[in-house]
Structures are given as C-alpha cells and as structure tokens.
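Coordinates as given in data10.cif (mmCIF, C-alpha atoms and all ligand atoms):
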data_start
loop_
_atom_site.group_PDB
_atom_site.id
_atom_site.type_symbol
_atom_site.label_atom_id
_atom_site.label_comp_id
_atom_site.auth_asym_id
_atom_site.auth_seq_id
_atom_site.Cartn_x
_atom_site.Cartn_y
_atom_site.Cartn_z
ATOM 1 C CA MET N 153 -27.648 5.515 27.109
ATOM 2 C CA ILE N 154 -26.809 3.804 30.389
ATOM 3 C CA GLU N 155 -29.064 1.086 31.782
ATOM 4 C CA PRO N 156 -28.997 -1.469 34.601
ATOM 5 C CA PHE N 157 -28.146 -5.061 33.711
ATOM 6 C CA SER N 158 -27.935 -8.205 35.776
ATOM 7 C CA PHE N 159 -25.812 -11.242 34.939
ATOM 8 C CA HIS N 160 -24.656 -14.288 36.912
ATOM 9 C CA GLY N 161 -26.288 -12.831 40.027
ATOM 10 C CA ARG N 162 -24.420 -9.550 39.783
ATOM 11 C CA ASP N 163 -25.942 -6.128 39.081
ATOM 12 C CA PHE N 164 -24.080 -3.620 37.001
ATOM 13 C CA TYR N 165 -24.616 -0.889 34.425
ATOM 14 C CA LEU N 166 -24.260 -0.975 30.665
ATOM 15 C CA LEU N 167 -23.295 1.886 28.384
ATOM 16 C CA ARG N 168 -25.181 0.986 25.198
ATOM 17 C CA ASP N 169 -22.877 2.352 22.511
ATOM 18 C CA ASP N 170 -24.327 -0.381 20.287
ATOM 19 C CA LEU N 171 -27.483 1.760 20.164
ATOM 20 C CA LEU N 172 -25.886 5.026 19.004
ATOM 21 C CA GLY N 173 -27.586 4.625 15.596
ATOM 22 C CA ASP N 174 -26.682 2.975 12.271
ATOM 23 C CA PHE N 175 -23.195 4.225 12.863
ATOM 24 C CA ASN N 176 -22.442 2.827 16.317
ATOM 25 C CA GLY N 177 -20.015 1.216 18.715
ATOM 26 C CA ASN N 178 -16.521 2.299 19.566
ATOM 27 C CA LYS N 179 -15.609 2.648 15.867
ATOM 28 C CA ALA N 180 -18.216 5.419 15.616
ATOM 29 C CA ARG N 181 -16.624 7.064 18.683
ATOM 30 C CA LYS N 182 -13.206 6.768 17.044
ATOM 31 C CA LEU N 183 -14.465 8.356 13.829
ATOM 32 C CA GLU N 184 -16.389 11.209 15.488
ATOM 33 C CA TYR N 185 -13.522 13.604 14.817
ATOM 34 C CA PHE N 186 -13.526 12.797 11.092
ATOM 35 C CA LEU N 187 -17.322 12.831 10.960
ATOM 36 C CA ASN N 188 -17.255 16.481 12.028
ATOM 37 C CA ALA N 189 -14.171 17.401 9.983
ATOM 38 C CA ASP N 190 -14.181 19.064 6.585
ATOM 39 C CA LEU N 191 -13.062 16.243 4.287
ATOM 40 C CA SER N 192 -13.943 18.037 1.048
ATOM 41 C CA GLY N 193 -10.272 17.943 0.016
ATOM 42 C CA PHE N 194 -10.344 14.133 -0.016
ATOM 43 C CA LYS N 195 -11.646 11.716 -2.612
ATOM 44 C CA ARG N 196 -10.990 8.445 -0.817
ATOM 45 C CA ILE N 197 -10.256 6.687 2.436
ATOM 46 C CA VAL N 198 -7.587 3.989 2.520
ATOM 47 C CA SER N 199 -7.217 1.476 5.327
ATOM 48 C CA HIS N 200 -6.202 -2.128 5.897
ATOM 49 C CA GLY N 201 -6.755 -5.033 8.272
ATOM 50 C CA SER N 202 -8.641 -8.324 8.368
ATOM 51 C CA SER N 203 -11.491 -9.248 6.046
ATOM 52 C CA GLN N 204 -14.064 -9.479 8.853
ATOM 53 C CA SER N 205 -13.097 -6.531 11.014
ATOM 54 C CA ASN N 206 -15.631 -4.267 12.656
ATOM 55 C CA ALA N 207 -13.437 -1.271 11.751
ATOM 56 C CA MET N 208 -13.631 -2.198 8.049
ATOM 57 C CA TYR N 209 -17.434 -2.174 8.110
ATOM 58 C CA SER N 210 -17.585 1.095 10.087
ATOM 59 C CA LEU N 211 -15.182 2.763 7.660
ATOM 60 C CA SER N 212 -17.294 1.604 4.708
ATOM 61 C CA LEU N 213 -20.357 3.229 6.255
ATOM 62 C CA PHE N 214 -18.393 6.333 7.190
ATOM 63 C CA ALA N 215 -17.099 6.685 3.612
ATOM 64 C CA LYS N 216 -20.633 6.295 2.293
ATOM 65 C CA ILE N 217 -21.956 8.989 4.649
ATOM 66 C CA LYS N 218 -19.115 11.301 3.611
ATOM 67 C CA ASN N 219 -19.477 10.450 -0.084
ATOM 68 C CA LEU N 220 -15.901 9.185 -0.333
ATOM 69 C CA GLU N 221 -14.490 6.121 -2.040
ATOM 70 C CA PHE N 222 -13.298 3.430 0.373
ATOM 71 C CA CYS N 223 -10.245 1.298 -0.480
ATOM 72 C CA TYR N 224 -9.406 -1.519 1.930
ATOM 73 C CA VAL N 225 -6.385 -3.797 1.756
ATOM 74 C CA VAL N 226 -6.281 -7.333 3.181
ATOM 75 C CA SER N 227 -3.390 -9.823 3.132
ATOM 76 C CA HIS N 228 -5.608 -12.813 2.404
ATOM 77 C CA LEU N 229 -9.170 -13.369 1.324
ATOM 78 C CA ASN N 230 -10.405 -16.916 1.636
ATOM 79 C CA SER N 231 -12.197 -18.208 -1.424
ATOM 80 C CA ASN N 232 -15.325 -19.067 0.568
ATOM 81 C CA LEU N 233 -15.780 -15.502 1.720
ATOM 82 C CA LYS N 234 -14.994 -14.185 -1.758
ATOM 83 C CA GLN N 235 -17.722 -16.339 -3.315
ATOM 84 C CA ASN N 236 -20.250 -15.964 -0.511
ATOM 85 C CA PRO N 237 -19.683 -12.673 1.277
ATOM 86 C CA VAL N 238 -21.172 -12.602 4.800
ATOM 87 C CA GLY N 239 -21.196 -10.348 7.860
ATOM 88 C CA ASN N 240 -19.027 -7.250 7.970
ATOM 89 C CA PHE N 241 -17.453 -8.115 4.602
ATOM 90 C CA LYS N 242 -20.791 -8.423 2.825
ATOM 91 C CA PHE N 243 -22.174 -5.184 4.236
ATOM 92 C CA ALA N 244 -18.938 -3.302 3.557
ATOM 93 C CA LEU N 245 -19.080 -4.421 -0.108
ATOM 94 C CA GLU N 246 -22.691 -3.268 -0.251
ATOM 95 C CA ASN N 247 -21.501 0.130 0.983
ATOM 96 C CA GLY N 248 -19.173 0.279 -2.033
ATOM 97 C CA MET N 249 -15.887 -0.898 -0.504
ATOM 98 C CA LYS N 250 -13.112 -1.607 -3.023
ATOM 99 C CA ILE N 251 -11.090 -4.564 -1.808
ATOM 100 C CA PHE N 252 -7.400 -5.186 -2.564
ATOM 101 C CA VAL N 253 -5.617 -8.420 -1.668
ATOM 102 C CA VAL N 254 -1.880 -7.837 -1.199
ATOM 103 C CA GLU N 255 0.351 -9.836 1.113
ATOM 104 C CA ASP N 256 2.203 -6.793 2.493
ATOM 105 C CA ARG N 257 -1.010 -4.905 3.155
ATOM 106 C CA VAL N 258 0.491 -2.088 5.283
ATOM 107 C CA LYS N 259 3.031 -1.123 2.644
ATOM 108 C CA PHE N 260 0.514 -1.357 -0.205
ATOM 109 C CA ALA N 261 -2.134 0.652 1.674
ATOM 110 C CA LYS N 262 0.367 3.409 2.464
ATOM 111 C CA GLU N 263 1.440 3.577 -1.186
ATOM 112 C CA LEU N 264 -2.181 3.644 -2.309
ATOM 113 C CA ALA N 265 -2.834 6.514 0.097
ATOM 114 C CA ASP N 266 0.234 8.440 -1.015
ATOM 115 C CA THR N 267 -1.697 11.120 -2.895
ATOM 116 C CA ALA N 268 -3.025 14.401 -1.578
ATOM 117 C CA ASP N 269 -6.657 13.403 -1.953
ATOM 118 C CA ALA N 270 -6.503 10.180 0.092
ATOM 119 C CA LEU N 271 -7.041 9.921 3.838
ATOM 120 C CA PHE N 272 -5.108 7.040 5.402
ATOM 121 C CA ILE N 273 -6.677 5.388 8.464
ATOM 122 C CA ASN N 274 -4.699 2.971 10.652
ATOM 123 C CA GLU N 275 -5.848 -0.593 11.262
ATOM 124 C CA GLY N 276 -8.597 -0.470 13.895
ATOM 125 C CA VAL N 277 -8.640 3.363 13.690
ATOM 126 C CA ALA N 278 -5.867 3.340 16.306
ATOM 127 C CA GLN N 279 -4.664 6.936 16.041
ATOM 128 C CA ASN N 280 -4.636 10.333 17.757
ATOM 129 C CA GLU N 281 -7.795 11.655 16.114
ATOM 130 C CA ALA N 282 -9.761 8.887 17.847
ATOM 131 C CA GLU N 283 -9.311 10.706 21.155
ATOM 132 C CA TYR N 284 -11.972 13.299 20.345
ATOM 133 C CA GLY N 285 -14.946 10.896 20.437
ATOM 134 C CA PHE N 286 -13.931 9.460 23.800
ATOM 135 C CA LYS N 287 -14.020 12.903 25.359
ATOM 136 C CA THR N 288 -17.677 12.990 24.279
ATOM 137 C CA GLN N 289 -18.163 9.497 25.734
ATOM 138 C CA ALA N 290 -16.515 10.556 29.022
ATOM 139 C CA ASP N 291 -18.801 13.613 29.228
ATOM 140 C CA GLU N 292 -21.871 11.403 28.718
ATOM 141 C CA ILE N 293 -20.761 9.058 31.512
ATOM 142 C CA LEU N 294 -20.012 11.979 33.867
ATOM 143 C CA THR N 295 -23.413 13.571 33.210
ATOM 144 C CA TRP N 296 -25.091 10.259 34.078
ATOM 145 C CA SER N 297 -22.848 9.836 37.118
ATOM 146 C CA GLU N 298 -23.817 13.234 38.527
ATOM 147 C CA LYS N 299 -27.510 12.592 37.941
ATOM 148 C CA SER N 300 -27.547 9.072 39.359
ATOM 149 C CA GLY N 301 -25.007 9.601 42.137
ATOM 150 C CA VAL N 302 -23.139 6.462 40.972
ATOM 151 C CA SER N 303 -19.341 6.711 40.568
ATOM 152 C CA PRO N 304 -18.654 3.422 38.819
ATOM 153 C CA ASP N 305 -15.507 1.529 37.931
ATOM 154 C CA ILE N 306 -15.565 1.198 34.146
ATOM 155 C CA PHE N 307 -14.745 -1.976 32.218
ATOM 156 C CA LEU N 308 -14.297 -2.480 28.464
ATOM 157 C CA PRO N 309 -12.407 -5.200 26.547
ATOM 158 C CA SER N 310 -9.508 -4.056 24.319
ATOM 159 C CA GLY N 311 -8.047 -4.774 20.923
ATOM 160 C CA THR N 312 -5.601 -1.962 20.216
ATOM 161 C CA GLY N 313 -6.396 -0.327 23.587
ATOM 162 C CA THR N 314 -7.295 2.975 21.886
ATOM 163 C CA SER N 315 -10.819 3.173 23.342
ATOM 164 C CA ALA N 316 -9.723 2.397 26.914
ATOM 165 C CA THR N 317 -6.732 4.763 26.774
ATOM 166 C CA TYR N 318 -8.635 7.797 25.516
ATOM 167 C CA LEU N 319 -11.643 7.256 27.760
ATOM 168 C CA ALA N 320 -9.352 6.965 30.808
ATOM 169 C CA LYS N 321 -7.543 10.144 29.760
ATOM 170 C CA HIS N 322 -10.767 12.132 30.017
ATOM 171 C CA ILE N 323 -12.485 10.630 33.030
ATOM 172 C CA ASP N 324 -11.616 10.638 36.695
ATOM 173 C CA LEU N 325 -12.960 7.130 37.335
ATOM 174 C CA ASN N 326 -11.128 3.790 37.359
ATOM 175 C CA VAL N 327 -10.961 2.289 33.864
ATOM 176 C CA PHE N 328 -10.267 -1.453 33.621
ATOM 177 C CA THR N 329 -9.666 -3.467 30.477
ATOM 178 C CA CYS N 330 -8.304 -6.811 29.295
ATOM 179 C CA PRO N 331 -6.403 -7.911 26.184
ATOM 180 C CA CYS N 332 -8.284 -9.753 23.407
ATOM 181 C CA VAL N 333 -5.357 -9.404 20.977
ATOM 182 C CA GLY N 334 -1.974 -10.525 22.346
ATOM 183 C CA ASP N 335 -1.196 -10.617 26.071
ATOM 184 C CA ALA N 336 -1.267 -8.061 28.898
ATOM 185 C CA LYS N 337 2.326 -7.012 28.225
ATOM 186 C CA TYR N 338 1.562 -6.246 24.581
ATOM 187 C CA LEU N 339 -1.537 -4.261 25.531
ATOM 188 C CA ARG N 340 0.405 -2.291 28.155
ATOM 189 C CA GLU N 341 2.914 -1.277 25.469
ATOM 190 C CA GLU N 342 0.171 -0.284 23.029
ATOM 191 C CA ILE N 343 -1.523 1.848 25.690
ATOM 192 C CA ALA N 344 1.766 3.478 26.754
ATOM 193 C CA ALA N 345 2.438 4.416 23.116
ATOM 194 C CA LEU N 346 -0.853 6.356 23.049
ATOM 195 C CA ASP N 347 -0.518 7.884 26.544
ATOM 196 C CA GLU N 348 2.640 7.232 28.523
ATOM 197 C CA HIS N 349 0.998 8.197 31.831
ATOM 198 C CA SER N 350 -2.159 6.175 31.262
ATOM 199 C CA ARG N 351 -4.014 5.016 34.379
ATOM 200 C CA VAL N 352 -5.838 2.183 32.584
ATOM 201 C CA LYS N 353 -5.761 -0.969 34.705
ATOM 202 C CA ILE N 354 -5.195 -4.179 32.753
ATOM 203 C CA LEU N 355 -6.801 -7.396 33.989
ATOM 204 C CA THR N 356 -5.454 -10.711 32.725
ATOM 205 C CA PRO N 357 -7.883 -13.279 31.270
ATOM 206 C CA PRO N 358 -7.987 -16.506 33.335
ATOM 207 C CA LYS N 359 -6.496 -18.331 30.353
ATOM 208 C CA LYS N 360 -4.725 -17.346 27.184
ATOM 209 C CA TYR N 361 -7.026 -16.696 24.230
ATOM 210 C CA HIS N 362 -5.928 -15.930 20.704
ATOM 211 C CA PHE N 363 -7.848 -13.256 18.819
ATOM 212 C CA GLY N 364 -11.090 -14.719 17.468
ATOM 213 C CA ASP N 365 -10.493 -18.055 19.249
ATOM 214 C CA LEU N 366 -13.342 -20.544 18.942
ATOM 215 C CA LYS N 367 -13.739 -21.804 22.508
ATOM 216 C CA LEU N 368 -16.950 -23.291 23.840
ATOM 217 C CA GLU N 369 -16.826 -21.305 27.084
ATOM 218 C CA LEU N 370 -16.683 -18.082 25.049
ATOM 219 C CA TYR N 371 -19.692 -19.080 22.975
ATOM 220 C CA GLU N 372 -21.590 -20.224 26.042
ATOM 221 C CA ILE N 373 -21.175 -16.995 27.991
ATOM 222 C CA TRP N 374 -22.245 -15.081 24.854
ATOM 223 C CA GLN N 375 -25.401 -17.225 24.664
ATOM 224 C CA GLU N 376 -26.132 -16.725 28.375
ATOM 225 C CA LEU N 377 -25.723 -12.962 27.939
ATOM 226 C CA LYS N 378 -28.110 -13.056 24.994
ATOM 227 C CA ALA N 379 -30.629 -14.988 27.079
ATOM 228 C CA SER N 380 -30.347 -12.220 29.704
ATOM 229 C CA GLY N 381 -31.677 -9.795 27.114
ATOM 230 C CA VAL N 382 -28.707 -8.140 25.378
ATOM 231 C CA GLU N 383 -26.768 -9.359 22.365
ATOM 232 C CA PHE N 384 -23.056 -8.646 22.723
ATOM 233 C CA GLU N 385 -20.249 -8.955 20.221
ATOM 234 C CA LEU N 386 -18.896 -12.501 19.899
ATOM 235 C CA ILE N 387 -15.113 -11.918 19.796
ATOM 236 C CA TYR N 388 -14.254 -9.246 22.375
ATOM 237 C CA ASP N 389 -17.161 -9.335 24.831
ATOM 238 C CA PRO N 390 -16.979 -13.039 25.884
ATOM 239 C CA VAL N 391 -13.291 -12.591 26.817
ATOM 240 C CA GLY N 392 -14.306 -9.342 28.532
ATOM 241 C CA PHE N 393 -17.039 -10.896 30.667
ATOM 242 C CA ILE N 394 -14.969 -13.972 31.566
ATOM 243 C CA THR N 395 -12.065 -11.751 32.616
ATOM 244 C CA MET N 396 -14.268 -9.305 34.520
ATOM 245 C CA PHE N 397 -15.964 -12.099 36.476
ATOM 246 C CA ALA N 398 -12.611 -13.763 37.215
ATOM 247 C CA ASN N 399 -11.316 -10.470 38.691
ATOM 248 C CA LEU N 400 -14.334 -9.106 40.593
ATOM 249 C CA LYS N 401 -12.228 -8.503 43.702
ATOM 250 C CA GLU N 402 -10.318 -5.783 41.827
ATOM 251 C CA PHE N 403 -13.446 -3.630 41.571
ATOM 252 C CA LYS N 404 -14.156 -1.380 44.541
ATOM 253 C CA ASN N 405 -17.279 0.291 43.133
ATOM 254 C CA GLU N 406 -20.268 -0.610 41.021
ATOM 255 C CA ILE N 407 -19.308 -1.622 37.493
ATOM 256 C CA LEU N 408 -20.184 0.133 34.244
ATOM 257 C CA TYR N 409 -19.544 -2.183 31.271
ATOM 258 C CA ILE N 410 -19.244 -0.540 27.867
ATOM 259 C CA HIS N 411 -21.085 -2.323 25.045
ATOM 260 C CA GLN N 412 -18.899 -1.350 22.093
ATOM 261 C CA GLY N 413 -21.167 -2.545 19.275
ATOM 262 C CA GLY N 414 -19.817 -4.715 16.455
ATOM 263 C CA LEU N 415 -22.905 -6.935 16.173
ATOM 264 C CA LEU N 416 -22.732 -7.344 12.377
ATOM 265 C CA GLY N 417 -19.487 -9.235 12.910
ATOM 266 C CA ASN N 418 -21.424 -11.870 14.863
ATOM 267 C CA ILE N 419 -22.915 -13.356 11.697
ATOM 268 C CA SER N 420 -19.607 -14.742 10.430
ATOM 269 C CA GLN N 421 -18.165 -15.559 13.871
ATOM 270 C CA LYS N 422 -21.318 -17.554 14.715
ATOM 271 C CA MET N 423 -20.928 -19.478 11.435
ATOM 272 C CA ARG N 424 -17.339 -20.325 12.380
ATOM 273 C CA TYR N 425 -18.548 -21.692 15.736
ATOM 274 C CA GLU N 426 -21.336 -23.686 14.140
ATOM 275 C CA ARG N 427 -18.924 -25.234 11.665
ATOM 276 C CA LYS N 428 -16.388 -26.146 14.341
ATOM 277 C CA PHE N 429 -18.832 -27.433 16.973
ATOM 278 C CA LYS N 430 -21.457 -28.932 14.643
ATOM 279 C CA ASN N 431 -21.856 -32.117 16.683
ATOM 280 C CA HIS N 432 -21.894 -30.367 20.022
ATOM 281 C CA PHE N 433 -24.599 -27.942 18.916
ATOM 282 C CA LYS N 434 -26.684 -30.754 17.420
ATOM 283 C CA LYS N 435 -26.605 -32.628 20.719
ATOM 284 C CA ASP N 436 -27.742 -29.444 22.530
ATOM 285 C CA GLN N 437 -30.771 -29.094 20.338
ATOM 286 C CA GLY N 438 -31.687 -32.529 21.505
HETATM 287 C C1 LIG T 501 -12.873 -2.746 17.739
HETATM 288 C C2 LIG T 501 -13.563 -3.316 18.923
HETATM 289 C C3 LIG T 501 -12.924 -3.431 20.184
HETATM 290 C C4 LIG T 501 -11.489 -3.017 20.402
HETATM 291 O O1 LIG T 501 -11.319 -1.613 20.506
HETATM 292 P P1 LIG T 501 -9.882 -0.973 20.707
HETATM 293 O O2 LIG T 501 -10.108 0.491 20.778
HETATM 294 O O3 LIG T 501 -9.052 -1.353 19.509
HETATM 295 O O4 LIG T 501 -9.294 -1.536 21.964
HETATM 296 C C5 LIG T 501 -13.661 -3.946 21.243
HETATM 297 N N1 LIG T 501 -14.946 -4.356 21.091
HETATM 298 C C6 LIG T 501 -15.579 -4.272 19.903
HETATM 299 C C7 LIG T 501 -16.974 -4.764 19.805
HETATM 300 C C8 LIG T 501 -14.908 -3.748 18.785
HETATM 301 O O5 LIG T 501 -15.555 -3.684 17.596
#
Step by step, read the file and then write its structure as structure tokens.
Amino acid sequence: MIEPFSFHGRDFYLLRDDLLGDFNGNKARKLEYFLNADLSGFKRIVSHGSSQSNAMYSLSLFAKIKNLEFCYVVSHLNSNLKQNPVGNFKFALENGMKIFVVEDRVKFAKELADTADALFINEGVAQNEAEYGFKTQADEILTWSEKSGVSPDIFLPSGTGTSATYLAKHIDLNVFTCPCVGDAKYLREEIAALDEHSRVKILTPPKKYHFGDLKLELYEIWQELKASGVEFELIYDPVGFITMFANLKEFKNEILYIHQGGLLGNISQKMRYERKFKNHFKKDQG
C-alpha cells in the first residue's frame, strides 16, 4: 500500500510494508522465498545476531508459521532482559524460540545447523534468497507508478543493505539509502558483495551514528513523525529521515519512503531512551 505523507513541510509517499500483516516489514519480504518454499525436509531454523533484532522476531514467527523449531544464538544476553523479557525478545520467546548464549555465535550457529534437517539463515537474513521478495516489492511499486503517473526516487535506510540492493536490481527508478550500521564505505562494500553493478545511491548521515545510538535528535524526529500520524521504527528510520532531509538536493523527483516495519522493536528501544534521558523527559512533561 502506498499513501501520501507530509512531514516538515514536504510531501512525499510512503510504502507501508509495516502493514503487510502479522508477518510484515522488510524481514517478511526477505523471507518470502522461504515462505513459498517446500521446507518439509527441515526440522529447524538456526540463526544468530543480537538479542533485540527485528530479524530474530520475524524468524520466530516464520518458524511458527512453518511449524519448525527456531534456534537462535546470541553472544551476550544481559541479565535484565533474561529476567524481564521485553520487545522482540519477549515475543520471539512466546513464539517458541530456543535461545543459546555463546560468545562465538557465528561458529556455534553454523555447527548447530550442520545437520541435514536444519536451515541456516544469516544474520539479518542477508542472503541471495532474499532477492525474491524484493522483486515482488518492485512490481508493486511499478504497478502503483503506472496507475498514478508518479515516477518517484525511492529512499530506505539500510542495515546490511540487502533490501536496498535487491529492490534496486529489479526497478528502473533511483534508489537511495543511508548506513545505520557502520559508515558509507562499509555499506558500499556490503552492497557490492550482493550485486557488484548495483546502482544504489548512498547518502551520508549529517553526523556519525553508531547502530542503536541513543541521541535526542533521533528520538525527537521519531516523536514528530508519530505526531504526524505514522509510527516508524526507532533505530533505522530516525537516521533515515535525518539523512534524507539533509540531502534533499540529491532528489530530482518526488520521494517514496519505504516503511520497513520493525515496530515491536520500539518497545525496548524506547525503554533505553527513557532510562538514559529520564530527567530530560520529566522536564518535557512539565
Ligand atoms: C532490518 C531492518 C532494516 C535494515 O534492512 P537491511 O536489508 O539489512 O538493510 C531497516 N529498517 C528496519 C525497520 C529493519 O527492521
């Protein structure tokens, strides 16, 4: 679904992949191939990453839908989260996720998956099979584009760059992104590894942010967006909007921003902000 949206005096369009259903966002796009595949030869899915990742939650739901066991390996699990599960972690446990805490999580996950009946999924579902769902996404955008007569420049914030790379591969429109993990150079390398001729254009955030950084300006733009009527994700989207607005001169057409879901992750990220900026927030409430 694509709808008009207005923010900071600028009109653009939103692709609402957060509204695809229970299984939504770019992780649902990435898993579309596996959703349609015959996985009857598998008993379990094995993956690894951080204890609050959106991919972890999506995989837990995917495994539940497919009636598979889901094993997930993290390097660390803080005792707070272990005792009081919240956000993605809580909901993934409710979906039956089995959690393993092993320092060298990549090695352990690969060993755990080293049986014929286990399907190994990379951190963030960054892998070739993800391409399939972005062809579907590209087709949806092109159908809308023909109907509406709008040929937009597309913007989406990146982690691994998988979503941006595969969308750009299947659509003849400009695709812009920005790094939320690492810097522009790192993202360029990640994208080139997936598609060496990729036409994705990388915009640099106005200042360096670390992944999951707790910065007031990020929280504030997220709150302003929410007040405009749409809740966005609290890690990637604030960096995305700040970077997009800092680089508006790069866009030659109307802008289509992709809402990539991930809202369950907001519960824990919001708690981190509230803990860090307790006094600031108190003052705000007056
Ligand atoms: C996972 C995720 C991303 C990053 O996607 P990549 O394909 O790894 O670049 C961006 N936004 C949200 C909301 C996500 O959950």
For a cutoff of 8 Å around the file-coordinate point (-14.4, -8.7, 25.9), which residues qualify once you count all atoms listed in the file? I'd like the result as an MDAnalysis selection string.
chainID N and resid 308:310 330 332 387:395
With 6 Å as the cut-off and all atoms listed in the file counted, what is the closest atom pair between each nearby residue of chain N and ligand LIG 501 (chain T)? Distances in Å to one decimal, ordered by chain and number, as CSV.
residue,atom,partner,partner_atom,distance
N:Asn206,CA,T:LIG501,O5,5.0
N:Gly276,CA,T:LIG501,O3,5.7
N:Pro309,CA,T:LIG501,C5,5.6
N:Ser310,CA,T:LIG501,O4,3.5
N:Gly311,CA,T:LIG501,O4,3.6
N:Thr312,CA,T:LIG501,O3,3.6
N:Gly313,CA,T:LIG501,O4,3.5
N:Thr314,CA,T:LIG501,O2,3.9
N:Ser315,CA,T:LIG501,O2,3.8
N:Glu385,CA,T:LIG501,C7,5.3
N:Tyr388,CA,T:LIG501,N1,5.1
N:Gln412,CA,T:LIG501,C7,4.5
N:Gly413,CA,T:LIG501,C7,4.8
N:Gly414,CA,T:LIG501,C7,4.4
Which residues fall under the PyMOL selection byres (((chain N and resi 336-348) around 10) and not hetatm) in this file, as an MDAnalysis selection string?
chainID N and resid 278:280 283 310:318 320:321 329:335 349:357
Contacts of segment 246-261 of chain N at 12 Å (all atoms listed in the file; same-chain gap of 2+ positions) as number ranges by chain
N: 196-203, 208-231, 234, 237-244, 263-267, 270-275
Between atom CA of Asp269 of chain N and atom CA of Lys182 of chain N, measure the distance and give it in Å to one decimal.
21.2 Å
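You will find atom CA of Met153 of chain N at 24.8 Å from atom CA of Ser205 of chain N.
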Residue by residue, what does the PyMOL selection byres (((chain N and resi 324) around 12) and not hetatm) grab here? Present the result as an MDAnalysis selection string.
chainID N and resid 287 290:291 293:294 297 303:306 318:323 325:327 350:352
Around all the atoms of segment 377-396 of chain N listed in the file, draw an axis-aligned box and extend it by 4 Å on each of the six sides; I want its centre and edge lengths in Å to one decimal, as lines of an AutoDock Vina configuration file.
center_x = -21.9
center_y = -11.6
center_z = 27.2
size_x = 27.6
size_y = 14.8
size_z = 22.7
Take atom CA of Lys404 of chain N and atom CA of Thr295 of chain N and report the distance between them in Å, one decimal.
20.9 Å
Apply the PyMOL selection byres (((chain N and resi 425) around 12) and not hetatm) to the displayed file and report the matching residues as a PyMOL selection string.
chain N and resi 364-372+374+386-387+418-424+426-433
Written file, previous selection with C-alpha atoms, as a CSV table (one decimal), keeping the file's coordinate frame:
chain,number,residue,atom,x,y,z
N,364,GLY,CA,-11.1,-14.7,17.5
N,365,ASP,CA,-10.5,-18.1,19.2
N,366,LEU,CA,-13.3,-20.5,18.9
N,367,LYS,CA,-13.7,-21.8,22.5
N,368,LEU,CA,-17.0,-23.3,23.8
N,369,GLU,CA,-16.8,-21.3,27.1
N,370,LEU,CA,-16.7,-18.1,25.0
N,371,TYR,CA,-19.7,-19.1,23.0
N,372,GLU,CA,-21.6,-20.2,26.0
N,374,TRP,CA,-22.2,-15.1,24.9
N,386,LEU,CA,-18.9,-12.5,19.9
N,387,ILE,CA,-15.1,-11.9,19.8
N,418,ASN,CA,-21.4,-11.9,14.9
N,419,ILE,CA,-22.9,-13.4,11.7
N,420,SER,CA,-19.6,-14.7,10.4
N,421,GLN,CA,-18.2,-15.6,13.9
N,422,LYS,CA,-21.3,-17.6,14.7
N,423,MET,CA,-20.9,-19.5,11.4
N,424,ARG,CA,-17.3,-20.3,12.4
N,426,GLU,CA,-21.3,-23.7,14.1
N,427,ARG,CA,-18.9,-25.2,11.7
N,428,LYS,CA,-16.4,-26.1,14.3
N,429,PHE,CA,-18.8,-27.4,17.0
N,430,LYS,CA,-21.5,-28.9,14.6
N,431,ASN,CA,-21.9,-32.1,16.7
N,432,HIS,CA,-21.9,-30.4,20.0
N,433,PHE,CA,-24.6,-27.9,18.9
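Distances to Gly177 of chain N were evaluated for N:Gly285, N:Gly193, N:Pro358, N:Gly161 using only C-alpha atoms, and the minimum falls at N:Gly285.
Proximity to Tyr165 of chain N was assessed for N:Ile410, N:Leu191, N:Leu377, N:Ala398 counting all atoms listed in the file; the smallest distance is recorded for N:Ile410.
Shortest separation to Lys195 of chain N among N:Ala180, N:Leu245, N:Ala268, N:Leu172 occurs at residue N:Ala268, atoms counted being all atoms listed in the file.
The residue that comes closest to Ala282 of chain N, out of N:Ser158, N:Asn236, N:Asn178, N:Ser300 and on the basis of all atoms listed in the file, is N:Asn178.
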